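Below is one structure, written out as C-alpha cells, with a few remarks after it.
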Amino acid sequence: IYIVRTLSLSMVKVCVVTGGRGFAARHLVLELLKSDRWNVVRIMDLSPRITLDPLEEESLLSQCLNSGKAQYICADLRDPSQVLVGNPL
C-alpha cells in the first residue's frame, strides 16, 4: 500500500510517497515529478539511503534528487516520531 500525503507549507506544495522505492511507487514518484503540481516530492522508505539502479543514474529521478525537487527520507511508519520529523537525507 502506498500513501500519498500532501502538505502545503508557505505555498510550497510537498507530496510524500511512503514505500517510495517499491515497484509501483517508483512509477508514481516519476509521474509526480513530471507534474508541475508539486514543488517537492518526498520519497519515504526504510532503507537508510537511496540507491539508484543503473538505469536511474541519469534519469529524471536522479536530476530531481540533485536539484532538491525530490528528497529521500528514511523512516519507519511504525514509529510516529520518525514520521512526524521526516527530515530529508
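Just so we're on the same page: first chain in the C-alpha cells is A, next is B, and so on; residues restart at 1 for each chain, and ligands are numbered from 1 in the order they show up.
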Which of chain A counts as strand (DSSP E) under DSSP, as a VMD selection string please? chain A and resid 4 to 9 12 to 18 40 to 45 70 to 74
Just list as number ranges by chain whatever in chain A DSSP marks as helix (DSSP H, G or I). A: 23-34, 54-56, 60-67, 80-85
Could you please take those selected residues and save N, CA, C and O atoms as a short mmCIF file (atom, residue, chain, number, x, y, z; two decimals), in the first residue's frame?
data_model
loop_
_atom_site.label_atom_id
_atom_site.label_comp_id
_atom_site.auth_asym_id
_atom_site.auth_seq_id
_atom_site.Cartn_x
_atom_site.Cartn_y
_atom_site.Cartn_z
N PHE A 23 8.11 -1.14 -6.34
CA PHE A 23 7.92 -1.19 -7.80
C PHE A 23 6.87 -0.18 -8.27
O PHE A 23 7.12 0.66 -9.12
N ALA A 24 5.67 -0.26 -7.71
CA ALA A 24 4.59 0.63 -8.16
C ALA A 24 4.87 2.07 -7.77
O ALA A 24 4.62 3.00 -8.54
N ALA A 25 5.40 2.27 -6.58
CA ALA A 25 5.65 3.63 -6.10
C ALA A 25 6.72 4.34 -6.91
O ALA A 25 6.68 5.56 -7.06
N ARG A 26 7.68 3.61 -7.45
CA ARG A 26 8.71 4.24 -8.30
C ARG A 26 8.06 4.92 -9.49
O ARG A 26 8.42 6.03 -9.87
N HIS A 27 7.07 4.27 -10.07
CA HIS A 27 6.37 4.84 -11.21
C HIS A 27 5.51 6.04 -10.79
O HIS A 27 5.45 7.05 -11.49
N LEU A 28 4.90 5.93 -9.62
CA LEU A 28 4.11 7.04 -9.09
C LEU A 28 5.02 8.25 -8.83
O LEU A 28 4.67 9.38 -9.20
N VAL A 29 6.17 8.02 -8.24
CA VAL A 29 7.11 9.11 -7.97
C VAL A 29 7.50 9.81 -9.27
O VAL A 29 7.52 11.05 -9.34
N LEU A 30 7.79 9.05 -10.31
CA LEU A 30 8.17 9.66 -11.59
C LEU A 30 7.04 10.52 -12.16
O LEU A 30 7.28 11.62 -12.67
N GLU A 31 5.81 10.03 -12.06
CA GLU A 31 4.68 10.81 -12.57
C GLU A 31 4.49 12.09 -11.76
O GLU A 31 4.18 13.15 -12.31
N LEU A 32 4.68 12.01 -10.46
CA LEU A 32 4.56 13.20 -9.61
C LEU A 32 5.66 14.21 -9.94
O LEU A 32 5.42 15.42 -9.94
N LEU A 33 6.87 13.71 -10.21
CA LEU A 33 7.98 14.60 -10.56
C LEU A 33 7.74 15.28 -11.91
O LEU A 33 8.12 16.43 -12.11
N LYS A 34 7.10 14.58 -12.83
CA LYS A 34 6.79 15.16 -14.15
C LYS A 34 5.70 16.23 -14.05
O LYS A 34 5.64 17.14 -14.87
N PRO A 54 21.16 1.22 -12.02
CA PRO A 54 21.98 1.77 -13.10
C PRO A 54 21.18 2.59 -14.12
O PRO A 54 21.65 3.64 -14.57
N LEU A 55 19.98 2.16 -14.45
CA LEU A 55 19.16 2.91 -15.41
C LEU A 55 18.64 4.23 -14.84
O LEU A 55 18.25 5.13 -15.57
N GLU A 56 18.64 4.36 -13.51
CA GLU A 56 18.13 5.57 -12.87
C GLU A 56 19.21 6.62 -12.65
O GLU A 56 18.90 7.76 -12.32
N LEU A 60 15.36 11.23 -14.66
CA LEU A 60 14.65 12.34 -14.05
C LEU A 60 14.76 12.29 -12.53
O LEU A 60 14.96 13.31 -11.88
N LEU A 61 14.64 11.09 -11.96
CA LEU A 61 14.74 10.95 -10.51
C LEU A 61 16.09 11.45 -10.01
O LEU A 61 16.17 12.21 -9.05
N SER A 62 17.15 11.05 -10.66
CA SER A 62 18.49 11.49 -10.27
C SER A 62 18.62 13.01 -10.35
O SER A 62 19.14 13.65 -9.44
N GLN A 63 18.14 13.58 -11.44
CA GLN A 63 18.19 15.03 -11.61
C GLN A 63 17.41 15.75 -10.51
O GLN A 63 17.85 16.76 -9.97
N CYS A 64 16.23 15.22 -10.19
CA CYS A 64 15.39 15.85 -9.17
C CYS A 64 15.98 15.69 -7.77
O CYS A 64 15.85 16.59 -6.94
N LEU A 65 16.64 14.57 -7.49
CA LEU A 65 17.32 14.42 -6.21
C LEU A 65 18.46 15.43 -6.09
O LEU A 65 18.67 16.02 -5.04
N ASN A 66 19.17 15.65 -7.17
CA ASN A 66 20.28 16.61 -7.17
C ASN A 66 19.80 18.05 -7.03
O ASN A 66 20.46 18.87 -6.40
N SER A 67 18.65 18.35 -7.62
CA SER A 67 18.14 19.72 -7.59
C SER A 67 17.34 20.03 -6.33
O SER A 67 17.09 21.19 -6.03
N PRO A 80 5.98 6.70 15.11
CA PRO A 80 5.42 8.03 14.86
C PRO A 80 6.44 9.17 14.95
O PRO A 80 6.33 10.15 14.24
N SER A 81 7.43 9.02 15.81
CA SER A 81 8.42 10.10 15.94
C SER A 81 9.22 10.28 14.65
O SER A 81 9.62 11.40 14.31
N GLN A 82 9.46 9.21 13.92
CA GLN A 82 10.18 9.32 12.65
C GLN A 82 9.31 9.95 11.58
O GLN A 82 9.79 10.72 10.76
N VAL A 83 8.05 9.63 11.59
CA VAL A 83 7.14 10.14 10.57
C VAL A 83 6.91 11.63 10.78
O VAL A 83 6.89 12.42 9.84
N LEU A 84 6.76 12.05 12.01
CA LEU A 84 6.49 13.45 12.29
C LEU A 84 7.69 14.34 11.98
O LEU A 84 7.53 15.46 11.53
N VAL A 85 8.88 13.83 12.22
CA VAL A 85 10.08 14.63 11.94
C VAL A 85 10.35 14.66 10.45
O VAL A 85 10.44 15.72 9.84
#
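Distance-wise, atom CA of A:Ile50 and atom CA of A:Val16 end up 15.1 Å apart.
In terms of minimum interatomic distance to A:Cys74, A:Leu46 ranks closest within A:Leu46, A:Arg37, A:Thr51, A:Met11, counting only C-alpha atoms.
Residues in contact range of A:Ala70, defined as at most 7 Å between only C-alpha atoms, with sequence neighbours fewer than 2 positions away removed, read Val40, Val41, Arg42, Cys64, Leu65, Gly68 and Tyr72 of chain A.
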Those selected residues, please, written with C-alpha atoms and delivered as a CSV table (one decimal), in the first residue's frame.
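Just written: part_4.csv:
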chain,number,residue,atom,x,y,z
A,40,VAL,CA,8.9,18.8,-3.8
A,41,VAL,CA,8.3,15.0,-3.9
A,42,ARG,CA,9.5,13.3,-0.7
A,64,CYS,CA,15.4,15.8,-9.2
A,65,LEU,CA,17.3,14.4,-6.2
A,68,GLY,CA,16.1,19.2,-4.4
A,72,TYR,CA,14.7,10.9,0.2
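With atom CA of A:Gln71 on one side and atom CA of A:Asp45 on the other, the separation reads 11.1 Å.
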